[in-house]
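Here the structure comes first, spelled out in structure tokens, and everything after it is commentary.
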Amino acid sequence: MQFDTEIFELIQQEFNRQQHGLELIASENFTSEQVMRAMGNVMTNKYAEGYPGKRYYGGCEVVDKSEQLAIDRAKVIFNVDFANVQPHSGAQANAAVMLAVLKPGDKILGLDLSMGGHLTHGSSVNFSGKLYEPHFYGVKKEDGLVDYDMMEEVALREKPKLMICGASAYSRDWDYARVRAIADQINALVLCDMSHPAGLIAKGLLNSPFEHCHFVTSTTHKTLRGPRGGIILMKNDFENPMGIKGPKGEVRMMSDLINLAVFPGTQGGPLEHVIAAKAVAFFEIMQDDFLGYAHQVIANAKAMENAFKQKNYDIVSGGTDNHLLLIDLRNKNISGKKAENTLIKADITINKNMVPYDDKSPFITSGIRVGVPALTTRGLKEDHMNLIVDWIDSILIDTENEQKIIKVRTEINEFMKQFPLYPEWKI
Ligand SMILES: *Cc1c(COP(=O)(O)O)cnc(C)c1O
């Protein structure tokens with residue numbers, strides 16, 4: 001067989017890009033080598049529709065064991081009764097929960113996308129906003145914090161069947177008990193989508209959603225530092241409140257409905273190579289090292305918050321409790337788009353982001369989102385955050401100065417040589 005030099009050359013280029021640059025996208029991370037190794041191997045060849053012990057294909061004895069390990073480890077990490085590790089992505093995990101508990105046209109209530117929510121929490125361009133009737137709560141204009149009074153008001157008025165908490169661009173912790181108290185008034189189910197802060201929750205550094213939320217979904221590739229994928233967790237199994245019956249007329253447990261909603265509901269064969277890599281990531285999360293990592297993520301985010309504040313940047317919600325910052329650039333007279341496009345020229349990767357009550361479109365935006373999980377994995381500490389903010393600020397105050405941009409990029413590429421990415425890596 002001929003070797004595909006074209007694609008492997010591009011993989012090498014992507015490796016170089018990741019190695020040289022400052023990765024500040026809040027949703028990205030660098031997996032360990034063993035997580036990557038678990039993804040690129042013979043497990044990709046196996047069809048395994050179904051679940052461990054109940055498959056629609058022969059030859060699943062081995063992948064049954066690795067999938068079961070992933071399930072068992074997820075249950076230990078989060079101290080829960082139920083885990084489904086098959087969702088191909090965070091979006092698929094949310095789709096499965098909604099398929100399990102909603103009928104088309106049912107009402108859902110989530111955080112508005114323009115206030116930090118996720119597409120799958122009811123956006124009109126997503127299945128969640130097309131199949132279901134979406135309603136939203138926001139954050140308060142005065143302090144940028146989640147508006148639980150508004151959540152309650154909309155919930156009591158609209159009586160959604162499913163309430164969703166969790167966000168993609170929110171730097172503060174959540175009051176899950178409050179969300180549940182609101183839901184209980186209207187018999188709504190609660191889904192927490194912890195995709196972003198899951199790794200910090202895993203180590204007990206943020207409030208736990210599990211006691212209060214019926215379902216918890218997550219990606220596995222953000223602060224959990226695993227392969228690209230999703231999971232669904234439940235603290236306790238329970239009889240489904242919709243009265244859905246099984247083949248023998250028995251009331252279905254929620255765990256059955258969630259499993260059925262993933263397969264055959266929304267997916268076919270699971271990605272057993274990715275599930276093996278999820279198991280490896282969970283193994284890593286169970287080690288003490290990962291607690292150090294999670295603490296360092298929060299320390300770095302705090303250090304970055306302070307550095308930005310010293311330079312008079314306007315942080316939405318006044319600061320951060322987790323791994324990210326949302327920065328409103330309106331007092332700096334630069335759009336999110338311009339900031340993103342200029343910083344990338346210096347090998348600084350961030351993303352433009354709407355800020356609450358933004359007056360610019362999602363394509364322009366007034367803000368940027370920055371996060372530290374990836375750089376923390378590379379080994380950067382609090383002191384380095386000042387240096388990074390100096391670089392970012394020097395570019396944002398002088399966006400047309402190409403010479404300065406090149407100078408900063410050279411400094412960054414030199415600086416990142418201290419923090420090699422996958423030193424053993426060979427393609
Ligand atoms: C990233 C994210 C997702 C989606 O994950 P994908 O794997 O990209 O589908 C879902 N919900 C939230 C809150 C997220 O931040």
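Lettering and numbering for the structure tokens are positional, with chains as A, B, ... in the shown order, residues counted from 1 in each chain, and ligands counted from 1 in the shown order.
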Exercise for the section: Select the residues contacting ligand 1 at a distance of at most 6 Å, based on only C-alpha atoms and all ligand atoms, then format the selection as number ranges by chain. Expected result: A: 89-91, 118, 166-168, 193, 195-196, 219, 229
Wanna dump the range 39-124 of chain A-range 255-267 of chain A contacts at 6 Å for me, each residue with its shortest atom pair and the distance in Å to one decimal, counting only C-alpha atoms, ordered by chain and number, as a tab-separated table?
```
residue	atom	partner	partner_atom	distance
A:Ala96	CA	A:Ala261	CA	4.9
A:Leu99	CA	A:Ala261	CA	6.0
A:Ala100	CA	A:Ala261	CA	5.4
```
Exercise for the section: Could you give me, as JSON, numbers by chain, each residue of range 380-419 of chain A that DSSP assigns to helix (DSSP H, G or I) when run on this structure's backbone? Expected result: {"A": [382, 383, 384, 385, 386, 387, 388, 389, 390, 391, 392, 393, 394, 395, 396, 402, 403, 404, 405, 406, 407, 408, 409, 410, 411, 412, 413, 414, 415, 416]}
Mind checking which residues fall within 9 Å of Thr365 in chain A, counting only C-alpha atoms, ignoring those fewer than 5 positions away in the same chain, and posting them as a compact mmCIF listing (two decimals) with N, CA and C atoms, in the first residue's frame?
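Okay, this is what ended up in selection37.txt:
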```
# COMPACT_ATOMS: atom_id res chain seq x y z
N SER A 335 -12.89 44.83 18.36
CA SER A 335 -13.90 43.77 18.36
C SER A 335 -13.25 42.43 18.68
N GLY A 336 -14.09 41.45 19.03
CA GLY A 336 -13.57 40.11 19.28
C GLY A 336 -12.93 39.53 18.03
N LYS A 337 -13.58 39.80 16.88
CA LYS A 337 -13.06 39.27 15.62
C LYS A 337 -11.66 39.80 15.31
N LYS A 352 -13.01 34.55 19.56
CA LYS A 352 -13.94 35.66 19.76
C LYS A 352 -15.20 35.09 20.40
N ASN A 353 -15.90 35.90 21.17
CA ASN A 353 -17.07 35.40 21.88
C ASN A 353 -18.03 36.55 22.16
N MET A 354 -19.31 36.27 22.01
CA MET A 354 -20.30 37.27 22.42
C MET A 354 -20.14 37.52 23.92
N VAL A 355 -20.38 38.76 24.34
CA VAL A 355 -20.48 39.03 25.78
C VAL A 355 -21.96 39.27 26.06
N ASP A 358 -24.49 41.88 24.20
CA ASP A 358 -23.58 42.33 23.15
C ASP A 358 -24.35 43.12 22.11
N ASP A 359 -23.74 44.19 21.58
CA ASP A 359 -24.39 44.95 20.50
C ASP A 359 -23.81 44.57 19.15
N LYS A 360 -22.88 43.63 19.13
CA LYS A 360 -22.31 43.19 17.85
C LYS A 360 -22.79 41.76 17.54
```
Practice task
Would you mind telling me which residue in A:Tyr313, A:Phe308, A:Tyr47, A:Tyr357 lies nearest to Gly268 in chain A when using only C-alpha atoms?
Solution key: A:Tyr47
